[in-house]
Every structure is written in structure tokens, then in C-alpha cells.
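Engineer: The structure file start32.csv (CSV, N, CA and C atoms and all ligand atoms) is provided below.
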```csv
chain,number,residue,atom,x,y,z
A,14,MET,N,-3.7,-8.4,-12.4
A,14,MET,CA,-4.4,-8.9,-11.2
A,14,MET,C,-5.4,-7.7,-10.7
A,15,GLN,N,-6.5,-8.2,-10.2
A,15,GLN,CA,-7.5,-7.2,-9.7
A,15,GLN,C,-7.5,-7.3,-8.2
A,16,GLU,N,-8.0,-6.2,-7.6
A,16,GLU,CA,-8.0,-6.1,-6.1
A,16,GLU,C,-8.7,-7.3,-5.4
A,17,HIS,N,-9.7,-7.9,-6.1
A,17,HIS,CA,-10.5,-9.0,-5.5
A,17,HIS,C,-9.8,-10.3,-5.6
A,18,ASP,N,-8.7,-10.4,-6.5
A,18,ASP,CA,-8.0,-11.6,-6.7
A,18,ASP,C,-7.2,-12.0,-5.4
A,19,GLU,N,-7.1,-13.3,-5.3
A,19,GLU,CA,-6.4,-13.9,-4.1
A,19,GLU,C,-4.9,-13.7,-4.4
A,20,ILE,N,-4.2,-13.0,-3.5
A,20,ILE,CA,-2.8,-12.9,-3.6
A,20,ILE,C,-2.1,-14.0,-2.8
A,21,CYS,N,-2.7,-14.4,-1.7
A,21,CYS,CA,-2.2,-15.6,-0.9
A,21,CYS,C,-3.2,-16.7,-1.2
A,22,VAL,N,-2.9,-17.5,-2.2
A,22,VAL,CA,-3.7,-18.6,-2.6
A,22,VAL,C,-3.9,-19.6,-1.5
A,23,CYS,N,-2.8,-19.9,-0.8
A,23,CYS,CA,-2.9,-20.9,0.3
A,23,CYS,C,-4.0,-20.6,1.3
A,24,PHE,N,-4.1,-19.3,1.6
A,24,PHE,CA,-5.1,-18.9,2.7
A,24,PHE,C,-6.3,-18.1,2.1
A,25,HIS,N,-6.4,-18.1,0.8
A,25,HIS,CA,-7.5,-17.4,0.1
A,25,HIS,C,-7.7,-15.9,0.6
A,26,VAL,N,-6.5,-15.2,0.6
A,26,VAL,CA,-6.6,-13.8,1.0
A,26,VAL,C,-6.4,-12.9,-0.2
A,27,SER,N,-7.3,-12.0,-0.4
A,27,SER,CA,-7.3,-11.1,-1.6
A,27,SER,C,-6.4,-10.0,-1.4
A,28,ILE,N,-6.0,-9.3,-2.5
A,28,ILE,CA,-5.2,-8.1,-2.5
A,28,ILE,C,-5.9,-7.1,-1.7
A,29,GLN,N,-7.2,-6.9,-1.9
A,29,GLN,CA,-8.0,-5.9,-1.2
A,29,GLN,C,-8.0,-6.1,0.4
A,30,LYS,N,-8.0,-7.4,0.8
A,30,LYS,CA,-7.9,-7.7,2.3
A,30,LYS,C,-6.6,-7.2,2.8
A,31,ILE,N,-5.5,-7.5,2.1
A,31,ILE,CA,-4.2,-7.1,2.5
A,31,ILE,C,-4.1,-5.6,2.6
A,32,GLN,N,-4.6,-4.9,1.5
A,32,GLN,CA,-4.5,-3.5,1.5
A,32,GLN,C,-5.2,-2.9,2.7
A,33,LYS,N,-6.4,-3.4,3.0
A,33,LYS,CA,-7.2,-2.9,4.1
A,33,LYS,C,-6.5,-3.2,5.4
A,34,PHE,N,-5.9,-4.3,5.5
A,34,PHE,CA,-5.2,-4.7,6.8
A,34,PHE,C,-4.0,-3.7,7.0
A,35,VAL,N,-3.3,-3.4,5.9
A,35,VAL,CA,-2.1,-2.5,6.1
A,35,VAL,C,-2.6,-1.1,6.4
A,36,ARG,N,-3.7,-0.7,5.8
A,36,ARG,CA,-4.2,0.7,6.1
A,36,ARG,C,-4.7,0.8,7.5
A,37,LEU,N,-5.4,-0.2,8.0
A,37,LEU,CA,-6.0,-0.1,9.3
A,37,LEU,C,-5.0,-0.4,10.4
A,38,ASN,N,-4.1,-1.4,10.2
A,38,ASN,CA,-3.2,-1.9,11.3
A,38,ASN,C,-1.8,-1.3,11.2
A,39,LYS,N,-1.5,-0.7,10.1
A,39,LYS,CA,-0.1,0.0,9.9
A,39,LYS,C,1.0,-0.9,10.5
A,40,PRO,N,1.2,-2.1,9.9
A,40,PRO,CA,2.3,-2.9,10.3
A,40,PRO,C,3.7,-2.2,10.1
A,41,LYS,N,4.6,-2.4,11.0
A,41,LYS,CA,5.9,-1.8,10.9
A,41,LYS,C,6.8,-2.5,9.8
A,42,ILE,N,6.6,-3.8,9.8
A,42,ILE,CA,7.4,-4.6,8.8
A,42,ILE,C,6.5,-5.6,8.0
A,43,PRO,N,6.9,-5.9,6.8
A,43,PRO,CA,6.0,-6.7,6.0
A,43,PRO,C,5.6,-8.1,6.6
A,44,THR,N,6.4,-8.7,7.4
A,44,THR,CA,6.1,-10.0,7.9
A,44,THR,C,4.9,-9.9,8.9
A,45,GLN,N,4.5,-8.8,9.4
A,45,GLN,CA,3.4,-8.6,10.2
A,45,GLN,C,2.1,-8.8,9.4
A,46,ILE,N,2.2,-8.8,8.1
A,46,ILE,CA,1.0,-9.1,7.3
A,46,ILE,C,0.5,-10.5,7.5
A,47,SER,N,1.3,-11.4,8.0
A,47,SER,CA,0.9,-12.7,8.3
A,47,SER,C,-0.3,-12.7,9.3
A,48,GLU,N,-0.4,-11.7,10.1
A,48,GLU,CA,-1.6,-11.6,11.0
A,48,GLU,C,-2.9,-11.4,10.3
A,49,CYS,N,-2.8,-11.2,9.0
A,49,CYS,CA,-4.1,-11.1,8.2
A,49,CYS,C,-4.4,-12.4,7.6
A,50,TYR,N,-5.1,-13.2,8.3
A,50,TYR,CA,-5.6,-14.5,7.9
A,50,TYR,C,-4.4,-15.5,7.6
A,51,GLY,N,-3.2,-15.3,8.1
A,51,GLY,CA,-2.1,-16.2,7.9
A,51,GLY,C,-1.4,-15.9,6.5
A,52,ALA,N,-1.7,-14.9,5.9
A,52,ALA,CA,-1.1,-14.6,4.5
A,52,ALA,C,0.4,-14.7,4.6
A,53,GLY,N,0.9,-15.5,3.6
A,53,GLY,CA,2.3,-15.7,3.5
A,53,GLY,C,2.9,-16.8,4.3
A,54,THR,N,2.1,-17.5,5.1
A,54,THR,CA,2.7,-18.5,6.0
A,54,THR,C,2.5,-19.9,5.5
A,55,GLY,N,2.1,-20.0,4.2
A,55,GLY,CA,2.0,-21.4,3.7
A,55,GLY,C,3.2,-21.7,2.8
A,56,CYS,N,3.0,-21.7,1.5
A,56,CYS,CA,4.1,-22.1,0.6
A,56,CYS,C,5.2,-21.0,0.5
A,57,GLY,N,4.8,-19.8,0.8
A,57,GLY,CA,5.8,-18.7,0.7
A,57,GLY,C,5.8,-17.9,-0.6
A,58,TRP,N,5.1,-18.5,-1.6
A,58,TRP,CA,5.1,-17.9,-2.9
A,58,TRP,C,4.7,-16.4,-2.9
A,59,CYS,N,3.7,-16.0,-2.2
A,59,CYS,CA,3.2,-14.7,-2.2
A,59,CYS,C,4.0,-13.6,-1.5
A,60,ILE,N,5.0,-14.1,-0.7
A,60,ILE,CA,5.7,-13.1,0.2
A,60,ILE,C,6.2,-11.9,-0.6
A,61,PRO,N,6.9,-12.0,-1.7
A,61,PRO,CA,7.4,-10.8,-2.4
A,61,PRO,C,6.2,-9.9,-2.9
A,62,PHE,N,5.1,-10.5,-3.1
A,62,PHE,CA,3.9,-9.7,-3.6
A,62,PHE,C,3.3,-9.0,-2.4
A,63,LEU,N,3.3,-9.7,-1.2
A,63,LEU,CA,2.8,-9.0,0.0
A,63,LEU,C,3.7,-7.8,0.3
A,64,GLU,N,5.0,-8.0,0.1
A,64,GLU,CA,5.9,-6.9,0.3
A,64,GLU,C,5.6,-5.7,-0.6
A,65,LYS,N,5.3,-6.0,-1.8
A,65,LYS,CA,5.0,-5.0,-2.8
A,65,LYS,C,3.7,-4.2,-2.4
A,66,ILE,N,2.7,-4.9,-1.9
A,66,ILE,CA,1.5,-4.3,-1.4
A,66,ILE,C,1.8,-3.4,-0.2
A,67,PHE,N,2.7,-3.9,0.7
A,67,PHE,CA,3.1,-3.2,1.9
A,67,PHE,C,3.8,-1.9,1.5
A,68,GLU,N,4.7,-2.0,0.6
A,68,GLU,CA,5.4,-0.8,0.1
A,68,GLU,C,4.5,0.2,-0.5
A,69,ALA,N,3.6,-0.3,-1.4
A,69,ALA,CA,2.7,0.6,-2.1
A,69,ALA,C,1.8,1.4,-1.1
A,70,GLU,N,1.3,0.6,-0.2
A,70,GLU,CA,0.4,1.3,0.8
A,70,GLU,C,1.2,2.3,1.7
A,71,LYS,N,2.4,1.9,2.1
A,71,LYS,CA,3.2,2.7,3.0
A,71,LYS,C,3.5,4.0,2.3
A,72,ASN,N,3.8,3.9,1.0
A,72,ASN,CA,4.2,5.1,0.2
A,72,ASN,C,3.0,5.8,-0.5
A,73,GLY,N,1.8,5.3,-0.3
A,73,GLY,CA,0.6,5.9,-0.9
A,73,GLY,C,0.6,5.8,-2.4
A,74,GLU,N,1.2,4.8,-2.9
A,74,GLU,CA,1.3,4.6,-4.4
A,74,GLU,C,0.3,3.5,-4.8
A,75,PRO,N,-0.1,3.6,-6.1
A,75,PRO,CA,-1.0,2.6,-6.6
A,75,PRO,C,-0.2,1.2,-6.7
A,76,LEU,N,-0.9,0.1,-6.5
A,76,LEU,CA,-0.2,-1.2,-6.6
A,76,LEU,C,-0.1,-1.5,-8.1
A,77,ASN,N,1.0,-1.9,-8.5
A,77,ASN,CA,1.2,-2.3,-9.9
A,77,ASN,C,1.8,-3.7,-10.1
A,78,LEU,N,0.9,-4.7,-10.0
A,78,LEU,CA,1.3,-6.0,-10.3
A,78,LEU,C,1.1,-6.3,-11.7
A,79,LYS,N,2.1,-6.4,-12.5
A,79,LYS,CA,2.0,-6.5,-14.0
A,79,LYS,C,1.8,-7.9,-14.4
A,80,MET,N,0.8,-8.6,-14.0
A,80,MET,CA,0.5,-9.9,-14.5
A,80,MET,C,-0.9,-10.2,-14.3
A,81,SER,N,-1.4,-11.1,-15.2
A,81,SER,CA,-2.8,-11.6,-15.0
A,81,SER,C,-2.9,-12.6,-13.9
A,82,ARG,N,-4.1,-12.8,-13.4
A,82,ARG,CA,-4.3,-13.8,-12.4
A,82,ARG,C,-3.9,-15.2,-12.9
A,83,GLU,N,-4.1,-15.5,-14.1
A,83,GLU,CA,-3.7,-16.8,-14.7
A,83,GLU,C,-2.2,-16.9,-14.7
A,84,GLU,N,-1.5,-15.9,-15.1
A,84,GLU,CA,0.0,-15.9,-15.0
A,84,GLU,C,0.5,-16.1,-13.6
A,85,TYR,N,-0.1,-15.4,-12.7
A,85,TYR,CA,0.2,-15.4,-11.3
A,85,TYR,C,0.1,-16.9,-10.8
A,86,LEU,N,-1.0,-17.5,-11.1
A,86,LEU,CA,-1.2,-18.9,-10.7
A,86,LEU,C,-0.2,-19.9,-11.4
A,87,GLN,N,0.1,-19.6,-12.6
A,87,GLN,CA,1.0,-20.5,-13.4
A,87,GLN,C,2.4,-20.4,-12.8
A,88,ARG,N,2.8,-19.2,-12.5
A,88,ARG,CA,4.1,-18.9,-11.9
A,88,ARG,C,4.2,-19.6,-10.5
A,89,ARG,N,3.1,-19.6,-9.8
A,89,ARG,CA,3.1,-20.2,-8.4
A,89,ARG,C,3.3,-21.7,-8.6
A,90,LEU,N,2.6,-22.3,-9.6
A,90,LEU,CA,2.8,-23.7,-9.8
A,90,LEU,C,4.2,-24.1,-10.1
A,91,ALA,N,4.9,-23.2,-11.0
A,91,ALA,CA,6.3,-23.5,-11.4
A,91,ALA,C,7.1,-23.3,-10.1
A,92,TYR,N,6.8,-22.4,-9.2
A,92,TYR,CA,7.6,-22.2,-8.0
A,92,TYR,C,7.4,-23.5,-7.1
A,93,HIS,N,6.3,-24.1,-7.1
A,93,HIS,CA,6.1,-25.3,-6.3
A,93,HIS,C,6.9,-26.4,-6.8
A,94,LYS,N,6.9,-26.5,-8.2
A,94,LYS,CA,7.6,-27.6,-8.8
A,94,LYS,C,9.1,-27.5,-8.5
A,95,LYS,N,9.6,-26.3,-8.7
A,95,LYS,CA,11.0,-26.0,-8.5
A,95,LYS,C,11.4,-26.3,-7.0
A,96,LYS,N,10.5,-25.9,-6.1
A,96,LYS,CA,10.8,-26.1,-4.7
A,96,LYS,C,10.9,-27.6,-4.3
A,97,LYS,N,10.1,-28.4,-5.0
A,97,LYS,CA,10.2,-29.9,-4.7
A,97,LYS,C,11.5,-30.5,-5.2
A,98,ILE,N,12.0,-29.9,-6.3
A,98,ILE,CA,13.3,-30.4,-6.9
A,98,ILE,C,14.5,-30.1,-6.0
A,99,SER,N,14.5,-28.9,-5.5
A,99,SER,CA,15.7,-28.5,-4.7
A,99,SER,C,15.6,-28.9,-3.2
B,101,LIG,S1,0.3,-18.3,-1.7
B,101,LIG,FE1,0.6,-17.3,0.2
B,101,LIG,S2,1.7,-18.7,1.4
B,101,LIG,FE2,1.2,-19.8,-0.4
```
When written as C-alpha cells, how does the structure in this file appear?
Ligand code: FES
Structural biologist:
Amino acid sequence: MQEHDEICVCFHVSIQKIQKFVRLNKPKIPTQISECYGAGTGCGWCIPFLEKIFEAEKNGEPLNLKMSREEYLQRRLAYHKKKKIS
């Protein structure tokens, strides 16, 4: 995944926007990231990834999402299918 890729597909919020939001607003807990264009408040798929961005920014570490944008989108689709079944 690249910084310009959408991490919250539901609300079209990029990794870069989330990183900038965390740097500027210094949220105390990851759920406050929802204040950034509603990220994480749709299907919920991106929440664990938003938490990873939060932790990386908080600790001053580089973000390491080990998957391509295509894989990310495919896994999101599988998540949606699974969610409908249960
Ligand atoms: S991808 Fe972020 S809430 Fe659905």
C-alpha cells in the first residue's frame, strides 16, 4: 500500500490523510480518527489498519502494511461477504 491509497474505502480517506490527522490533532485513542472524514465509521473493515497508523505515528515508526492495494481490496470484499453470512 502507498500513502496515497485509500485506507478507508467507504469514505475515500487515504493513508496520508490519516497520518496527517494524527500528527496535527494528536488523538488520545484510535477511535478519534473517525473525526477525519468519518474514517472507520462505515463497514468497519479499516479499523485495525487505522489503529496501526495510529500506533506507528504515536511511536514515530514507519507504517508497514505488508499488502498491495489489490490484496487490501480483495480482503475487504471477503470481509463483507463473511459479514453478510454471520
Ligand atoms: S473501509 Fe473504512 S469503514 Fe469501510
Engineer: Taking into account all atoms listed in the file, which residue in the set A:His25, A:Lys65, A:Arg82, A:Lys94 is nearest to ligand LIG 101 (chain B)?
Structural biologist: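 The answer is A:His25, which sits nearest to ligand LIG 101 (chain B).
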Engineer: Determine, counting only N, CA and C atoms, which protein, DNA and RNA residues have an atom within 8 Å of an atom of stretch 17-24 of chain A; residues of the same chain fewer than 4 positions away are not included. Present the result as a list in words.
Structural biologist: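 That gives Ile28, Gln29, Lys30, Ile31, Tyr50, Gly51, Ala52, Gly53, Thr54, Gly55, Cys56, Gly57, Trp58, Cys59, Ile60, Phe62, Leu63 and Arg82 of chain A.
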Engineer: Suppose you want the space between atom N of A:Cys49 and atom C of A:Ala91; what is it in Å?
Structural biologist: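 Between atom N of A:Cys49 and atom C of A:Ala91 the gap works out to 24.7 Å.
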Engineer: Rounded to one decimal in Å, what is the spacing between atom CA of A:Lys33 and atom CA of A:Phe67?
Structural biologist: 10.5 Å
Engineer: Enumerate as a list in words all residues of chain A assigned to strand (DSSP E or B) by DSSP on the backbone, naming them with the chain letters and numbers the document uses.
Structural biologist: Glu19, Ile20, Cys21, Val26 and Ser27 of chain A
Engineer: Quote the spacing between atom CA of A:Pro75 and atom FE2 of ligand LIG 101 (chain B) in Å to one decimal place.
Structural biologist: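 Distance between the two atoms: 23.3 Å.
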Engineer: Pick out the closest residue to ligand LIG 101 (chain B) from this set: A:Glu70, A:Lys41, A:Met80, A:Val26. Count only N, CA and C atoms and all ligand atoms.
Structural biologist: A:Val26
Engineer: Per DSSP on the backbone, what are the alpha helix (DSSP H) residues of stretch 29-78 of chain A, as a list in words?
Structural biologist: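 Alpha helix (DSSP H) members of stretch 29-78 of chain A, listed: Gln29, Lys30, Ile31, Gln32, Lys33, Phe34, Val35, Arg36, Leu37, Asn38, Ile60, Pro61, Phe62, Leu63, Glu64, Lys65, Ile66, Phe67, Glu68, Ala69, Glu70 and Lys71 of chain A.
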Engineer: Using only N, CA and C atoms and all ligand atoms, which of A:Lys96, A:Arg89, A:Glu74, A:Ala69 sits nearest ligand LIG 101 (chain B)?
Structural biologist: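 Counting only N, CA and C atoms and all ligand atoms, the residue closest to ligand LIG 101 (chain B) is A:Arg89.
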Engineer: Quick test: take stretch 63-99 of chain A, keep N, CA, C and O atoms, and write it as an mmCIF file, in the first residue's frame.
Structural biologist:
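Wrote it out as selection.cif, contents follow:
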```cif
data_model
loop_
_atom_site.group_PDB
_atom_site.id
_atom_site.type_symbol
_atom_site.label_atom_id
_atom_site.label_comp_id
_atom_site.auth_asym_id
_atom_site.auth_seq_id
_atom_site.Cartn_x
_atom_site.Cartn_y
_atom_site.Cartn_z
ATOM 1 N N LEU A 63 -6.437 1.457 10.723
ATOM 2 C CA LEU A 63 -6.381 2.805 11.300
ATOM 3 C C LEU A 63 -5.623 2.757 12.627
ATOM 4 O O LEU A 63 -4.838 3.658 12.943
ATOM 5 N N GLU A 64 -5.843 1.689 13.380
ATOM 6 C CA GLU A 64 -5.123 1.521 14.649
ATOM 7 C C GLU A 64 -3.621 1.371 14.411
ATOM 8 O O GLU A 64 -2.809 1.889 15.178
ATOM 9 N N LYS A 65 -3.257 0.670 13.339
ATOM 10 C CA LYS A 65 -1.830 0.514 13.008
ATOM 11 C C LYS A 65 -1.210 1.861 12.663
ATOM 12 O O LYS A 65 -0.081 2.153 13.043
ATOM 13 N N ILE A 66 -1.950 2.668 11.911
ATOM 14 C CA ILE A 66 -1.444 4.005 11.560
ATOM 15 C C ILE A 66 -1.287 4.828 12.832
ATOM 16 O O ILE A 66 -0.274 5.505 13.032
ATOM 17 N N PHE A 67 -2.277 4.769 13.697
ATOM 18 C CA PHE A 67 -2.248 5.497 14.974
ATOM 19 C C PHE A 67 -1.001 5.117 15.775
ATOM 20 O O PHE A 67 -0.257 5.983 16.243
ATOM 21 N N GLU A 68 -0.772 3.817 15.915
ATOM 22 C CA GLU A 68 0.374 3.334 16.701
ATOM 23 C C GLU A 68 1.702 3.755 16.057
ATOM 24 O O GLU A 68 2.613 4.185 16.760
ATOM 25 N N ALA A 69 1.794 3.623 14.743
ATOM 26 C CA ALA A 69 3.039 3.980 14.046
ATOM 27 C C ALA A 69 3.348 5.464 14.232
ATOM 28 O O ALA A 69 4.486 5.839 14.534
ATOM 29 N N GLU A 70 2.328 6.293 14.076
ATOM 30 C CA GLU A 70 2.529 7.741 14.238
ATOM 31 C C GLU A 70 2.887 8.086 15.684
ATOM 32 O O GLU A 70 3.760 8.901 15.937
ATOM 33 N N LYS A 71 2.171 7.462 16.623
ATOM 34 C CA LYS A 71 2.406 7.718 18.053
ATOM 35 C C LYS A 71 3.828 7.354 18.452
ATOM 36 O O LYS A 71 4.467 8.059 19.231
ATOM 37 N N ASN A 72 4.323 6.262 17.894
ATOM 38 C CA ASN A 72 5.661 5.779 18.247
ATOM 39 C C ASN A 72 6.751 6.291 17.308
ATOM 40 O O ASN A 72 7.908 5.909 17.449
ATOM 41 N N GLY A 73 6.366 7.107 16.343
ATOM 42 C CA GLY A 73 7.350 7.648 15.406
ATOM 43 C C GLY A 73 7.990 6.592 14.529
ATOM 44 O O GLY A 73 9.135 6.719 14.120
ATOM 45 N N GLU A 74 7.228 5.533 14.257
ATOM 46 C CA GLU A 74 7.751 4.438 13.442
ATOM 47 C C GLU A 74 7.173 4.504 12.034
ATOM 48 O O GLU A 74 6.067 5.017 11.847
ATOM 49 N N PRO A 75 7.882 3.943 11.057
ATOM 50 C CA PRO A 75 7.311 3.895 9.709
ATOM 51 C C PRO A 75 6.139 2.909 9.658
ATOM 52 O O PRO A 75 6.140 1.907 10.377
ATOM 53 N N LEU A 76 5.151 3.238 8.846
ATOM 54 C CA LEU A 76 3.998 2.350 8.700
ATOM 55 C C LEU A 76 4.386 1.181 7.812
ATOM 56 O O LEU A 76 4.981 1.370 6.761
ATOM 57 N N ASN A 77 4.035 -0.005 8.254
ATOM 58 C CA ASN A 77 4.391 -1.182 7.483
ATOM 59 C C ASN A 77 3.156 -2.051 7.241
ATOM 60 O O ASN A 77 2.899 -2.981 7.987
ATOM 61 N N LEU A 78 2.389 -1.698 6.216
ATOM 62 C CA LEU A 78 1.242 -2.517 5.831
ATOM 63 C C LEU A 78 1.715 -3.427 4.712
ATOM 64 O O LEU A 78 1.907 -2.993 3.590
ATOM 65 N N LYS A 79 1.903 -4.676 5.055
ATOM 66 C CA LYS A 79 2.513 -5.601 4.100
ATOM 67 C C LYS A 79 1.486 -6.205 3.159
ATOM 68 O O LYS A 79 1.240 -7.414 3.206
ATOM 69 N N MET A 80 0.879 -5.401 2.341
ATOM 70 C CA MET A 80 -0.004 -5.938 1.304
ATOM 71 C C MET A 80 -0.196 -4.891 0.211
ATOM 72 O O MET A 80 -0.037 -3.700 0.449
ATOM 73 N N SER A 81 -0.523 -5.401 -0.958
ATOM 74 C CA SER A 81 -0.765 -4.486 -2.073
ATOM 75 C C SER A 81 -2.169 -3.894 -1.923
ATOM 76 O O SER A 81 -3.010 -4.423 -1.179
ATOM 77 N N ARG A 82 -2.420 -2.829 -2.663
ATOM 78 C CA ARG A 82 -3.750 -2.222 -2.660
ATOM 79 C C ARG A 82 -4.789 -3.238 -3.140
ATOM 80 O O ARG A 82 -5.878 -3.326 -2.589
ATOM 81 N N GLU A 83 -4.426 -4.040 -4.146
ATOM 82 C CA GLU A 83 -5.338 -5.046 -4.691
ATOM 83 C C GLU A 83 -5.698 -6.080 -3.626
ATOM 84 O O GLU A 83 -6.856 -6.452 -3.474
ATOM 85 N N GLU A 84 -4.686 -6.538 -2.886
ATOM 86 C CA GLU A 84 -4.938 -7.521 -1.830
ATOM 87 C C GLU A 84 -5.821 -6.910 -0.745
ATOM 88 O O GLU A 84 -6.734 -7.564 -0.232
ATOM 89 N N TYR A 85 -5.550 -5.660 -0.408
ATOM 90 C CA TYR A 85 -6.337 -4.964 0.608
ATOM 91 C C TYR A 85 -7.816 -4.935 0.203
ATOM 92 O O TYR A 85 -8.702 -5.241 0.999
ATOM 93 N N LEU A 86 -8.060 -4.596 -1.065
ATOM 94 C CA LEU A 86 -9.443 -4.510 -1.557
ATOM 95 C C LEU A 86 -10.094 -5.888 -1.627
ATOM 96 O O LEU A 86 -11.278 -6.040 -1.306
ATOM 97 N N GLN A 87 -9.318 -6.899 -2.009
ATOM 98 C CA GLN A 87 -9.863 -8.265 -2.067
ATOM 99 C C GLN A 87 -10.214 -8.761 -0.672
ATOM 100 O O GLN A 87 -11.255 -9.376 -0.464
ATOM 101 N N ARG A 88 -9.364 -8.483 0.285
ATOM 102 C CA ARG A 88 -9.631 -8.914 1.664
ATOM 103 C C ARG A 88 -10.844 -8.181 2.234
ATOM 104 O O ARG A 88 -11.599 -8.736 3.018
ATOM 105 N N ARG A 89 -11.017 -6.935 1.824
ATOM 106 C CA ARG A 89 -12.194 -6.163 2.259
ATOM 107 C C ARG A 89 -13.470 -6.802 1.704
ATOM 108 O O ARG A 89 -14.471 -6.924 2.419
ATOM 109 N N LEU A 90 -13.428 -7.224 0.439
ATOM 110 C CA LEU A 90 -14.592 -7.880 -0.157
ATOM 111 C C LEU A 90 -14.931 -9.166 0.587
ATOM 112 O O LEU A 90 -16.101 -9.455 0.856
ATOM 113 N N ALA A 91 -13.901 -9.950 0.910
ATOM 114 C CA ALA A 91 -14.106 -11.198 1.650
ATOM 115 C C ALA A 91 -14.710 -10.900 3.026
ATOM 116 O O ALA A 91 -15.604 -11.620 3.496
ATOM 117 N N TYR A 92 -14.267 -9.834 3.642
ATOM 118 C CA TYR A 92 -14.793 -9.405 4.947
ATOM 119 C C TYR A 92 -16.285 -9.080 4.826
ATOM 120 O O TYR A 92 -17.093 -9.473 5.657
ATOM 121 N N HIS A 93 -16.641 -8.410 3.757
ATOM 122 C CA HIS A 93 -18.047 -8.054 3.538
ATOM 123 C C HIS A 93 -18.906 -9.286 3.333
ATOM 124 O O HIS A 93 -20.002 -9.390 3.883
ATOM 125 N N LYS A 94 -18.374 -10.236 2.553
ATOM 126 C CA LYS A 94 -19.130 -11.479 2.304
ATOM 127 C C LYS A 94 -19.332 -12.246 3.599
ATOM 128 O O LYS A 94 -20.415 -12.736 3.883
ATOM 129 N N LYS A 95 -18.279 -12.343 4.391
ATOM 130 C CA LYS A 95 -18.338 -13.074 5.658
ATOM 131 C C LYS A 95 -19.328 -12.409 6.614
ATOM 132 O O LYS A 95 -20.090 -13.072 7.314
ATOM 133 N N LYS A 96 -19.317 -11.091 6.600
ATOM 134 C CA LYS A 96 -20.201 -10.322 7.482
ATOM 135 C C LYS A 96 -21.676 -10.576 7.167
ATOM 136 O O LYS A 96 -22.504 -10.664 8.060
ATOM 137 N N LYS A 97 -21.984 -10.747 5.896
ATOM 138 C CA LYS A 97 -23.376 -10.991 5.477
ATOM 139 C C LYS A 97 -23.856 -12.366 5.910
ATOM 140 O O LYS A 97 -25.018 -12.545 6.208
ATOM 141 N N ILE A 98 -22.905 -13.336 5.937
ATOM 142 C CA ILE A 98 -23.259 -14.717 6.318
ATOM 143 C C ILE A 98 -23.570 -14.785 7.806
ATOM 144 O O ILE A 98 -24.562 -15.374 8.207
ATOM 145 N N SER A 99 -22.748 -14.169 8.626
ATOM 146 C CA SER A 99 -22.955 -14.310 10.071
ATOM 147 C C SER A 99 -23.918 -13.279 10.635
ATOM 148 O O SER A 99 -24.493 -12.502 10.006
#
```
